[in-house]
Structures are given as C-alpha cells and as structure tokens.
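Undergrad: Handing over run.txt, compact mmCIF, C-alpha atoms and all ligand atoms.
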```txt
# COMPACT_ATOMS: atom_id res chain seq x y z
CA MET A 1 20.10 -30.03 3.57
CA SER A 2 21.41 -28.94 0.22
CA ILE A 3 20.93 -25.49 -1.22
CA THR A 4 20.22 -24.71 -4.87
CA ILE A 5 21.58 -21.42 -6.15
CA ASN A 6 18.98 -20.19 -8.63
CA LYS A 7 20.60 -16.90 -9.59
CA GLU A 8 23.55 -14.69 -8.71
CA LEU A 9 23.29 -11.03 -9.61
CA ALA A 10 25.93 -8.33 -9.40
CA SER A 11 24.45 -5.63 -7.16
CA CYS A 12 26.30 -2.56 -5.87
CA GLY A 13 29.75 -3.82 -4.83
CA GLY A 14 28.66 -7.36 -3.97
CA ARG A 15 26.25 -10.02 -5.20
CA LEU A 16 22.63 -10.92 -4.55
CA ILE A 17 22.25 -14.69 -4.34
CA LYS A 18 18.79 -16.16 -4.92
CA LEU A 19 18.62 -19.66 -3.52
CA SER A 20 16.20 -22.33 -2.41
CA HIS A 21 16.37 -25.31 -0.09
CA GLU A 22 14.15 -28.00 1.40
CA SER A 23 13.10 -27.00 4.91
CA ILE A 24 12.59 -29.43 7.75
CA SER A 25 10.53 -26.82 9.61
CA THR A 26 7.99 -26.12 6.88
CA HIS A 27 8.28 -29.36 4.88
CA THR A 28 8.42 -27.25 1.74
CA LYS A 29 11.00 -25.75 -0.54
CA MET A 30 11.87 -22.28 0.77
CA ASP A 31 13.25 -19.41 -1.29
CA VAL A 32 15.78 -17.05 0.32
CA ASN A 33 17.77 -14.10 -1.02
CA ILE A 34 21.13 -13.16 0.44
CA TYR A 35 23.23 -10.12 -0.24
CA LEU A 36 26.94 -10.76 0.20
CA PRO A 37 28.69 -7.39 0.49
CA LYS A 38 31.81 -6.29 -1.35
CA GLN A 39 33.98 -7.38 1.63
CA PHE A 40 33.05 -10.99 0.84
CA TYR A 41 34.73 -10.68 -2.55
CA ASP A 42 37.77 -8.78 -1.26
CA ASP A 43 40.73 -11.13 -0.76
CA THR A 44 42.33 -8.72 1.70
CA HIS A 45 39.27 -8.77 4.00
CA SER A 46 39.72 -11.59 6.48
CA ALA A 47 37.34 -10.78 9.38
CA PRO A 48 34.10 -12.80 9.61
CA ILE A 49 31.19 -10.93 8.01
CA PRO A 50 28.19 -10.46 10.35
CA THR A 51 24.61 -10.87 9.16
CA LEU A 52 21.45 -8.78 9.34
CA TYR A 53 18.18 -10.71 8.95
CA TYR A 54 15.37 -8.72 7.31
CA LEU A 55 11.85 -10.08 7.80
CA SER A 56 9.35 -8.82 5.24
CA GLY A 57 5.70 -7.96 5.63
CA LEU A 58 2.37 -9.23 4.37
CA THR A 59 2.25 -10.33 0.73
CA CYS A 60 6.03 -10.24 0.34
CA SER A 61 8.50 -12.79 -1.00
CA PRO A 62 12.30 -12.47 -0.63
CA GLU A 63 12.21 -10.23 -3.72
CA ASN A 64 10.44 -7.10 -2.43
CA ALA A 65 13.08 -5.89 0.00
CA SER A 66 15.99 -7.14 -2.15
CA GLU A 67 14.76 -4.90 -4.96
CA LYS A 68 13.35 -1.90 -3.12
CA ALA A 69 14.78 -1.45 0.39
CA PHE A 70 18.29 -0.43 -0.78
CA TRP A 71 20.15 -2.38 1.90
CA GLN A 72 22.97 -3.23 -0.51
CA PRO A 73 24.93 0.09 -0.38
CA GLN A 74 24.64 0.07 3.41
CA ALA A 75 25.82 -3.53 3.63
CA ASP A 76 28.86 -2.56 1.53
CA LYS A 77 29.48 0.54 3.62
CA TYR A 78 29.71 -1.38 6.90
CA GLY A 79 30.47 -4.92 5.76
CA PHE A 80 27.49 -7.07 6.75
CA ALA A 81 25.51 -9.66 4.80
CA VAL A 82 21.70 -9.33 4.54
CA VAL A 83 19.35 -12.32 4.53
CA PHE A 84 15.83 -11.90 3.12
CA PRO A 85 13.71 -14.97 4.05
CA ASP A 86 10.25 -15.65 2.64
CA THR A 87 7.14 -14.75 4.64
CA SER A 88 5.46 -18.17 4.60
CA PRO A 89 5.72 -21.64 3.17
CA ARG A 90 4.36 -21.94 -0.39
CA GLY A 91 3.59 -24.57 -2.96
CA GLU A 92 1.39 -27.56 -3.54
CA GLY A 93 -0.52 -28.72 -0.49
CA VAL A 94 0.18 -25.60 1.59
CA ALA A 95 -3.08 -24.40 3.13
CA THR A 96 -3.93 -20.73 2.78
CA ASP A 97 -6.68 -18.31 3.81
CA PRO A 98 -10.09 -19.89 3.09
CA GLU A 99 -11.20 -16.40 1.98
CA ASN A 100 -8.07 -16.01 -0.16
CA SER A 101 -7.27 -12.73 1.52
CA TRP A 102 -3.69 -11.37 1.54
CA ASP A 103 -3.44 -11.01 5.33
CA PHE A 104 -3.38 -14.71 6.26
CA GLY A 105 -1.91 -17.91 4.85
CA ILE A 106 0.51 -17.79 1.95
CA GLY A 107 2.60 -14.60 2.17
CA ALA A 108 1.44 -14.08 5.75
CA GLY A 109 3.02 -16.71 7.99
CA PHE A 110 3.35 -14.31 10.94
CA TYR A 111 6.63 -15.92 12.05
CA VAL A 112 4.90 -18.33 14.49
CA ASN A 113 4.88 -22.10 14.87
CA ALA A 114 1.28 -22.99 14.05
CA THR A 115 -0.46 -25.51 16.27
CA GLU A 116 -3.83 -25.58 14.49
CA SER A 117 -4.94 -27.76 11.62
CA PRO A 118 -4.41 -27.44 8.67
CA TYR A 119 -1.64 -24.84 9.23
CA VAL A 120 0.33 -26.96 11.70
CA LYS A 121 1.61 -29.04 8.79
CA HIS A 122 3.70 -26.30 7.14
CA TYR A 123 3.49 -23.02 9.03
CA HIS A 124 6.54 -23.20 11.31
CA MET A 125 8.05 -19.89 10.36
CA TYR A 126 9.37 -19.16 13.87
CA ASP A 127 11.56 -22.25 13.91
CA TYR A 128 12.43 -21.75 10.27
CA VAL A 129 13.71 -18.18 10.62
CA HIS A 130 15.30 -18.29 14.05
CA LYS A 131 16.62 -21.85 14.17
CA GLU A 132 16.82 -23.67 10.86
CA LEU A 133 17.76 -21.03 8.29
CA PRO A 134 20.91 -19.69 10.04
CA VAL A 135 22.29 -23.23 10.30
CA VAL A 136 21.42 -24.08 6.68
CA LEU A 137 23.23 -20.95 5.49
CA ASN A 138 26.16 -21.54 7.78
CA ASP A 139 26.63 -25.09 6.49
CA HIS A 140 26.50 -23.99 2.88
CA PHE A 141 28.52 -20.78 2.81
CA ASN A 142 31.22 -21.56 5.32
CA LYS A 143 32.83 -24.53 3.66
CA ALA A 144 35.34 -22.20 2.02
CA SER A 145 37.83 -20.16 3.99
CA LYS A 146 35.78 -16.98 3.71
CA ARG A 147 33.46 -16.76 6.68
CA VAL A 148 30.00 -15.19 6.83
CA ASP A 149 28.71 -15.34 10.37
CA PHE A 150 25.07 -16.38 10.02
CA THR A 151 24.63 -17.66 13.57
CA GLU A 152 26.47 -15.61 16.20
CA ASN A 153 27.27 -12.01 15.34
CA ILE A 154 23.81 -11.34 13.93
CA SER A 155 21.05 -8.74 14.15
CA ILE A 156 17.44 -8.60 13.05
CA THR A 157 15.01 -6.11 11.54
CA GLY A 158 11.80 -6.18 9.54
CA HIS A 159 8.78 -4.38 8.19
CA SER A 160 5.16 -4.50 9.38
CA MET A 161 4.41 -8.21 9.99
CA GLY A 162 8.19 -8.67 9.71
CA GLY A 163 8.81 -5.83 12.15
CA TYR A 164 6.64 -7.67 14.64
CA GLY A 165 8.49 -10.90 13.77
CA ALA A 166 11.85 -9.22 14.42
CA LEU A 167 10.75 -7.77 17.77
CA ALA A 168 9.22 -11.07 18.91
CA GLY A 169 12.25 -13.10 17.80
CA PHE A 170 14.68 -10.70 19.45
CA LEU A 171 12.78 -10.61 22.76
CA ARG A 172 12.12 -14.36 22.90
CA ASN A 173 15.83 -15.07 22.43
CA ILE A 174 17.28 -12.30 24.55
CA SER A 175 18.56 -14.54 27.34
CA ASP A 176 20.76 -16.36 24.81
CA ASN A 177 21.96 -13.02 23.36
CA LYS A 178 21.02 -14.45 19.96
CA TYR A 179 20.61 -11.11 18.19
CA LYS A 180 22.96 -8.22 18.91
CA SER A 181 20.33 -5.64 17.98
CA CYS A 182 16.77 -5.27 16.73
CA SER A 183 14.98 -2.57 14.79
CA ALA A 184 11.70 -2.36 12.94
CA PHE A 185 9.91 -0.40 10.23
CA ALA A 186 6.19 0.13 10.86
CA PRO A 187 5.89 -2.99 13.06
CA ILE A 188 2.63 -4.52 14.28
CA VAL A 189 3.74 -4.11 17.90
CA ASN A 190 0.67 -5.57 19.57
CA PRO A 191 -0.68 -8.29 17.25
CA SER A 192 -3.03 -9.79 19.89
CA ALA A 193 -4.93 -6.51 19.98
CA VAL A 194 -5.40 -5.72 16.28
CA LEU A 195 -7.37 -7.32 13.44
CA TRP A 196 -4.37 -8.62 11.43
CA GLY A 197 -2.93 -10.34 14.49
CA GLU A 198 -6.26 -11.64 15.80
CA LYS A 199 -6.98 -13.30 12.48
CA ALA A 200 -3.49 -14.76 12.16
CA PHE A 201 -3.12 -15.93 15.74
CA SER A 202 -6.56 -17.50 15.93
CA GLY A 203 -5.90 -19.31 12.65
CA TYR A 204 -2.39 -20.48 13.47
CA LEU A 205 -2.52 -20.79 17.28
CA GLY A 206 -6.21 -21.34 18.09
CA SER A 207 -8.58 -19.66 20.50
CA ASP A 208 -6.46 -19.87 23.68
CA LYS A 209 -5.13 -16.32 23.80
CA SER A 210 -2.41 -17.18 26.30
CA THR A 211 -0.52 -18.79 23.41
CA TRP A 212 -0.82 -15.57 21.38
CA LEU A 213 0.90 -13.60 24.12
CA GLU A 214 4.06 -15.69 23.76
CA TYR A 215 4.60 -13.97 20.42
CA ASP A 216 3.27 -10.50 21.22
CA PRO A 217 6.03 -7.86 21.64
CA CYS A 218 3.86 -5.82 24.02
CA GLU A 219 3.58 -8.85 26.33
CA LEU A 220 7.18 -9.98 25.82
CA ILE A 221 8.43 -6.51 26.81
CA LYS A 222 6.73 -6.95 30.19
CA LYS A 223 8.27 -10.32 30.96
CA THR A 224 11.72 -9.95 29.35
CA GLU A 225 14.56 -8.28 31.22
CA ASN A 226 16.57 -5.82 29.11
CA ILE A 227 19.76 -7.54 30.19
CA LYS A 228 22.11 -5.65 27.90
CA ASN A 229 20.44 -2.26 28.17
CA SER A 230 19.49 -2.54 24.49
CA ILE A 231 17.69 0.14 22.51
CA LEU A 232 14.96 -0.88 20.07
CA LEU A 233 14.84 1.42 17.04
CA ILE A 234 11.43 1.80 15.40
CA HIS A 235 10.30 4.09 12.57
CA VAL A 236 6.65 4.54 11.58
CA GLY A 237 5.26 6.95 8.99
CA THR A 238 2.56 9.39 10.07
CA ASN A 239 0.73 8.81 6.75
CA ASP A 240 0.85 5.05 7.09
CA PRO A 241 -2.72 3.87 6.43
CA PHE A 242 -2.24 1.07 8.97
CA LEU A 243 -0.84 3.28 11.74
CA LYS A 244 -3.96 3.68 13.89
CA ASN A 245 -5.69 0.34 13.43
CA GLN A 246 -2.92 -2.24 12.99
CA LEU A 247 0.47 -0.85 14.05
CA LYS A 248 -0.30 1.17 17.21
CA PRO A 249 3.32 2.02 18.15
CA GLU A 250 2.06 3.81 21.27
CA ASN A 251 1.09 0.40 22.73
CA ILE A 252 4.70 -0.74 23.05
CA LEU A 253 5.70 2.49 24.78
CA GLU A 254 2.80 2.05 27.19
CA ALA A 255 3.71 -1.62 27.77
CA SER A 256 7.31 -0.68 28.55
CA LYS A 257 6.38 1.66 31.40
CA GLY A 258 7.81 0.47 34.69
CA THR A 259 9.91 -2.21 32.96
CA SER A 260 13.62 -2.29 32.11
CA TRP A 261 12.59 -1.24 28.57
CA GLU A 262 11.15 2.10 29.64
CA ASN A 263 12.86 4.87 27.63
CA LYS A 264 14.76 2.20 25.66
CA ILE A 265 12.28 1.98 22.80
CA ASP A 266 13.06 4.70 20.32
CA VAL A 267 9.83 5.15 18.34
CA LYS A 268 10.41 7.74 15.62
CA LEU A 269 7.34 9.09 13.86
CA ALA A 270 8.39 9.92 10.30
CA VAL A 271 6.25 12.85 9.25
CA GLY A 272 4.52 12.40 5.89
CA PHE A 273 5.79 8.88 5.18
CA ASP A 274 3.51 5.96 4.31
CA HIS A 275 3.89 2.16 4.60
CA SER A 276 5.75 1.58 1.36
CA TYR A 277 9.34 0.93 0.37
CA TYR A 278 9.71 4.69 -0.23
CA PHE A 279 9.39 4.93 3.55
CA ILE A 280 11.58 1.91 4.33
CA SER A 281 14.42 2.83 1.98
CA THR A 282 14.55 6.36 3.41
CA PHE A 283 15.33 5.07 6.90
CA VAL A 284 17.42 2.03 5.97
CA PRO A 285 20.69 4.04 6.34
CA GLU A 286 19.81 4.96 9.94
CA HIS A 287 18.92 1.35 10.77
CA ALA A 288 22.08 0.09 9.04
CA GLU A 289 24.27 2.35 11.18
CA PHE A 290 22.38 1.27 14.31
CA HIS A 291 23.00 -2.43 13.55
CA ALA A 292 26.59 -1.87 12.35
CA LYS A 293 27.44 -0.41 15.78
CA ALA A 294 25.92 -3.38 17.59
CA LEU A 295 27.73 -5.81 15.29
CA GLY A 296 31.07 -4.18 16.08
CA LEU A 297 31.60 -2.79 12.59
CA ILE A 298 31.94 0.84 13.69
N1 LIG B 1 -1.67 -5.76 -0.57
C1 LIG B 1 -2.13 -4.87 0.46
C2 LIG B 1 -0.99 -4.12 1.05
C3 LIG B 1 -0.09 -5.01 1.79
C4 LIG B 1 1.17 -4.28 2.11
O1 LIG B 1 1.26 -3.05 2.16
N2 LIG B 1 2.17 -5.07 2.30
C5 LIG B 1 3.44 -4.52 2.66
C6 LIG B 1 3.94 -5.24 3.88
S1 LIG B 1 2.76 -5.14 5.20
C7 LIG B 1 4.41 -4.73 1.53
O2 LIG B 1 5.62 -4.66 1.75
N3 LIG B 1 3.91 -4.98 0.33
C8 LIG B 1 4.75 -5.31 -0.78
C9 LIG B 1 5.46 -4.16 -1.44
O3 LIG B 1 5.14 -2.99 -1.17
O4 LIG B 1 6.39 -4.45 -2.23
C10 LIG B 1 -3.10 -3.90 -0.10
O5 LIG B 1 -3.37 -4.01 -1.27
O6 LIG B 1 -3.59 -3.03 0.65
```
Could you render the structure as structure tokens?
TA:
Amino acid sequence: MSITINKELASCGGRLIKLSHESISTHTKMDVNIYLPKQFYDDTHSAPIPTLYYLSGLTCSPENASEKAFWQPQADKYGFAVVFPDTSPRGEGVATDPENSWDFGIGAGFYVNATESPYVKHYHMYDYVHKELPVVLNDHFNKASKRVDFTENISITGHSMGGYGALAGFLRNISDNKYKSCSAFAPIVNPSAVLWGEKAFSGYLGSDKSTWLEYDPCELIKKTENIKNSILLIHVGTNDPFLKNQLKPENILEASKGTSWENKIDVKLAVGFDHSYYFISTFVPEHAEFHAKALGLI
C-alpha cells in the first residue's frame, strides 16, 4: 500500500512527517504522524532506530500528541522514532455515535476489532495498530539504507483510551514478545467495568461480555504470564476528573494480586495533575527513559 507524505516539518533535531495511506484493516484512508529523531538524519549513525508507538485518547487525531506531548526532545535524546496513529477510521461512510457524542465512534475507536454492524465495516483499530501499520511503515521507510525498526525493537504507550489500548495490545502480544515495554498515562485500566468502556464495547463487540474481556487489561493481567518479568509504568493525576469513574487504576493493582504481575505494575499517582497534555508532557521524560532502557538505547 502506498503512503502519501502530506507534510514534513522540522521539529527539534529531527522531522515530523505527516502521512496518509489506504488501510486494508479499516477500508479507509488513515492519517499517521511520525517523528524521526535527529539520529535518522545523522550520516554517522548506523544502528537501526527503534520505535515507540503512542496511542492517543478520546477525541484525538495524530496531531494532539505530536503538538503537545513533547516526545520529540526525548526521542532525540535516546534515538527512537515515535509513531502517532489516529484513534479511529474517519471519512465518508464511516459510522459514528448515533448520539454524536465524543466518547464513541469517530475519534473513539477503542483499539478493538468491531464485530457489530455497522461498526464492523471500518472499526478494526486493533489489527490496524498492531498488525498493519508497522508493516506499512516498514515497507515505506526501509527502502533506503537507513533503517527505522517499526516491527521488532518496538515499545508502546498511550493516554486514556490509548493507555488502555497500549496495555491491551502489550498483554495480548506478550507471548510473541512483540513490544519490549509498555507504559500508560491515565489509562482506562478496566474498560468492561466503566461507562466509557461499556458503551464502546457494547457498540463495537455486542452484548456478549466474554468478548469484552479479551481486550480488558484487568482480565488480561489474570491470564497472561509475565514471562519477561516486565514492569508496567503508569502515571495518573490526582486531579484527573476521570480518575474515580473511568480510569480506576486501583482495579489493575487488585487484579494483579496473586499473579506474576503482582508488584510489577508501577502506578504513580501524580499529585495535583489533571488529564491534559500538561500532565502528559510532564511525565513524558520518565516514560521515555523507561522505554529507552527496554529498547537497549541506554
Ligand atoms: N472532549 C472531552 C474531553 C476528552 C478528553 O479529555 N480527551 C483527551 C483524551 S481522553 C484528550 O487528549 N483530548 C484532546 C486534547 O486534550 O488535546 C470533554 O470535553 O470533556
């Protein structure tokens, strides 16, 4: 599938590439932003550049985090690329929330493969993010001698709905060692048990709740062996308006009890912080260092 480069912007020491491509998972054109760090443009740097995938939250496009999370200086510091996928399919013929609310449908794909009509037609964000996109990027960017590793030495993070998407994607793929590390900012850790997740999962997956559990980090923790003794790094702000009703970080700690994840989930409550990019950007350096270690950069 061919990629169209829509814009290339100088940013910090590297470049932010805004591109789009036709997706076989969503049957739509998908927008993606990629930050290629300064090492990509340095002729003396020959090692493959690992990739961090950043999954955004409700209402976001690839733009929000590219503009406001401040990953770029961290990517330059350690030498990793950052991929910012979209949060849902968009465009003509893509079904959205019948109530036109911002927590379901366009901008709220919940990183699942929908099975229910009319969403089944386009909403295959799980396959898109974890299977199709890395290969599309690999095919496009690795024709030249400079190598960005989009498929093997990779890690994943995200915010809110995207934090849940990162945790679910990491846990579901742990036996293949797909992602070297996973972190999350204000994730919805237990989507089956909160209103955002109930609405999304019933719309995309239907009323059989056993299918919801296949994507729920609190359930996946119970049935997934922590084979590499991984740590999950999570930050949540104490002034996050969604903390008590939608995020519930305590649920993942409770779920981990008696499993190989017990004491391996590092939930840090950030006193006074909210849900915004002021919160995210404050803790991006800590998450960047965490992933850089796992990616073998430090
Ligand atoms: N639009 C919602 C808020 C949704 C929200 O906070 N979305 C988060 C992700 S869950 C976000 O990143 N929004 C975009 C932004 O802050 O740039 C509202 O008005 O209450």
Undergrad: Do you know which residues are at most 10 Å from Pro241 in chain A counting all atoms listed in the file, after dropping those on the same chain fewer than 5 positions away, and could you put them as a ChimeraX atom specification?
TA: /A:246-247,273-275
Undergrad: What does the distance from CA of Tyr278 in chain A to CA of Ser11 in chain A come to in Å, to one decimal?
TA: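 Computing the Euclidean distance for CA of Tyr278 in chain A and CA of Ser11 in chain A yields 19.3 Å.
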Undergrad: Using only C-alpha atoms and all ligand atoms, find each residue of chain A with at least one atom at most 10 Å away from an atom of ligand LIG 1 (chain B); report its shortest atom-to-atom pair and that distance in Å (one decimal), sort the rows by chain and rising residue number, and return the result as CSV.
TA:
```
residue,atom,partner,partner_atom,distance
A:Ser56,CA,B:LIG1,O2,6.6
A:Gly57,CA,B:LIG1,C6,3.7
A:Leu58,CA,B:LIG1,S1,4.2
A:Thr59,CA,B:LIG1,N2,5.5
A:Cys60,CA,B:LIG1,C8,5.2
A:Ser61,CA,B:LIG1,C8,8.4
A:Glu63,CA,B:LIG1,O4,8.3
A:Asn64,CA,B:LIG1,O4,4.8
A:Ala65,CA,B:LIG1,O4,7.2
A:Ser66,CA,B:LIG1,O4,10.0
A:Glu67,CA,B:LIG1,O4,8.8
A:Lys68,CA,B:LIG1,O4,7.5
A:Ala69,CA,B:LIG1,O4,9.3
A:Ser101,CA,B:LIG1,N1,9.2
A:Trp102,CA,B:LIG1,N1,6.3
A:Asp103,CA,B:LIG1,C3,7.7
A:Gly107,CA,B:LIG1,N2,9.5
A:Ala108,CA,B:LIG1,S1,9.1
A:Gly158,CA,B:LIG1,C6,9.7
A:His159,CA,B:LIG1,C6,6.5
A:Ser160,CA,B:LIG1,S1,4.9
A:Met161,CA,B:LIG1,S1,5.9
A:Gly162,CA,B:LIG1,S1,7.9
A:Gly163,CA,B:LIG1,S1,9.2
A:Phe185,CA,B:LIG1,S1,9.9
A:Ala186,CA,B:LIG1,S1,8.5
A:Pro187,CA,B:LIG1,S1,8.7
A:Ile188,CA,B:LIG1,S1,9.1
A:Asp240,CA,B:LIG1,O1,9.5
A:Pro241,CA,B:LIG1,O6,9.0
A:Phe242,CA,B:LIG1,O1,8.7
A:Asp274,CA,B:LIG1,O1,9.5
A:His275,CA,B:LIG1,O1,6.3
A:Ser276,CA,B:LIG1,O3,5.3
A:Tyr277,CA,B:LIG1,O3,5.9
A:Tyr278,CA,B:LIG1,O3,9.0
A:Ile280,CA,B:LIG1,O2,9.2
```
Undergrad: Interatomic distance between CA of Pro37 in chain A and CA of Asp76 in chain A?
TA: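 Answer for the CA of Pro37 in chain A to CA of Asp76 in chain A separation: 4.9 Å.
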Undergrad: Counting only C-alpha atoms, what are the residues of range 45-119 of chain A within 6 Å of range 126-149 of chain A, and for each of them which pair of atoms is the nearest and at what distance in Å, to one decimal? Sort the table by chain and rising number, as JSON lines.
TA:
```
{"residue": "A:Pro48", "atom": "CA", "partner": "A:Arg147", "partner_atom": "CA", "distance": 5.0}
{"residue": "A:Ile49", "atom": "CA", "partner": "A:Val148", "partner_atom": "CA", "distance": 4.6}
{"residue": "A:Pro50", "atom": "CA", "partner": "A:Asp149", "partner_atom": "CA", "distance": 4.9}
{"residue": "A:Tyr111", "atom": "CA", "partner": "A:Tyr126", "partner_atom": "CA", "distance": 4.6}
{"residue": "A:Val112", "atom": "CA", "partner": "A:Tyr126", "partner_atom": "CA", "distance": 4.6}
{"residue": "A:Asn113", "atom": "CA", "partner": "A:Tyr126", "partner_atom": "CA", "distance": 5.5}
```
Undergrad: Rounded to one decimal, what separation in Å do you get between CA of Phe279 in chain A and CA of Ala255 in chain A?
TA: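 It comes out at 25.7 Å.
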Undergrad: Between A:Ile106, A:Ile24, A:Ile5, A:Ala75, which has the minimum distance to Gln39 in chain A (counting all atoms listed in the file)?
TA: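 Closest to Gln39 in chain A of all the choices is A:Ala75.
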Undergrad: My list of candidates is A:Lys29, A:Thr151, A:Ile17, A:His291. Which is closest to Lys180 in chain A when distances are computed with all atoms listed in the file?
TA: A:His291
Undergrad: May I have a table of the residues of range 251-297 of chain A lying at most 8 Å from range 77-91 of chain A, giving each one's closest pair of atoms and their distance in Å to one decimal, counting only C-alpha atoms, ordered by chain and ascending residue number, as a tab-separated table?
TA:
```
residue	atom	partner	partner_atom	distance
A:Glu289	CA	A:Tyr78	CA	7.9
A:Ala292	CA	A:Tyr78	CA	6.3
A:Leu297	CA	A:Tyr78	CA	6.2
```
Undergrad: Near Ile227 in chain A, within 12 Å and counting only C-alpha atoms, which residues show up once chain neighbours fewer than 6 positions away are dropped, as a list in words?
TA: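 The filter keeps Leu171, Asn173, Ile174, Ser175, Asp176, Asn177, Lys180, Ile221, Thr259, Ser260, Trp261 and Lys264 of chain A.
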Undergrad: Here is a test: counting all atoms listed in the file, which residue of A:Ala114, A:Ile265, A:Met30, A:Ile231 is nearest to Thr4 in chain A?
TA: A:Met30
Undergrad: Per residue of range 67-150 of chain A within 7 Å of range 197-213 of chain A, which atom pair is closest and at what distance in Å (one decimal), using all atoms listed in the file, listed by chain and increasing number, as a Markdown table?
TA:
```
| residue | atom | partner | partner_atom | distance |
| --- | --- | --- | --- | --- |
| A:Phe104 | CA | A:Ala200 | CA | 5.9 |
| A:Phe110 | CA | A:Ala200 | CA | 7.0 |
| A:Ala114 | CA | A:Tyr204 | CA | 4.5 |
| A:Thr115 | CA | A:Leu205 | CA | 5.2 |
| A:Glu116 | CA | A:Tyr204 | CA | 5.4 |
| A:Tyr119 | CA | A:Tyr204 | CA | 6.1 |
```
Undergrad: When you count all atoms listed in the file, which of these residues is closest to Lys244 in chain A: A:Val189, A:Ile298, A:Val94, A:Leu232?
TA: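 When distances to Lys244 in chain A are compared using all atoms listed in the file, the smallest one comes from A:Val189.
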Undergrad: When you count only C-alpha atoms, which of these residues is closest to Val120 in chain A: A:Ala166, A:Val267, A:Ala288, A:Ala95?
TA: A:Ala95
Undergrad: Using only C-alpha atoms for the distances, tell me which of A:Glu219, A:Asp266, A:Asp31, A:Asp43 is nearest to Phe290 in chain A.
TA: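 Looking at the shortest contact to Phe290 in chain A, the residue is A:Asp266.
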Undergrad: Could you give me, as a short mmCIF file (atom, residue, chain, number, x, y, z; two decimals) with C-alpha atoms, in the coordinates of the input, the residues within 8 Å of Tyr179 in chain A, counting only C-alpha atoms and dropping anything in the same chain fewer than 3 positions from it?
TA:
```cif
data_model
loop_
_atom_site.label_atom_id
_atom_site.label_comp_id
_atom_site.auth_asym_id
_atom_site.auth_seq_id
_atom_site.Cartn_x
_atom_site.Cartn_y
_atom_site.Cartn_z
CA GLU A 152 26.47 -15.61 16.20
CA ASN A 153 27.27 -12.01 15.34
CA ILE A 154 23.81 -11.34 13.93
CA SER A 155 21.05 -8.74 14.15
CA ILE A 156 17.44 -8.60 13.05
CA PHE A 170 14.68 -10.70 19.45
CA ASN A 173 15.83 -15.07 22.43
CA ILE A 174 17.28 -12.30 24.55
CA CYS A 182 16.77 -5.27 16.73
#
```
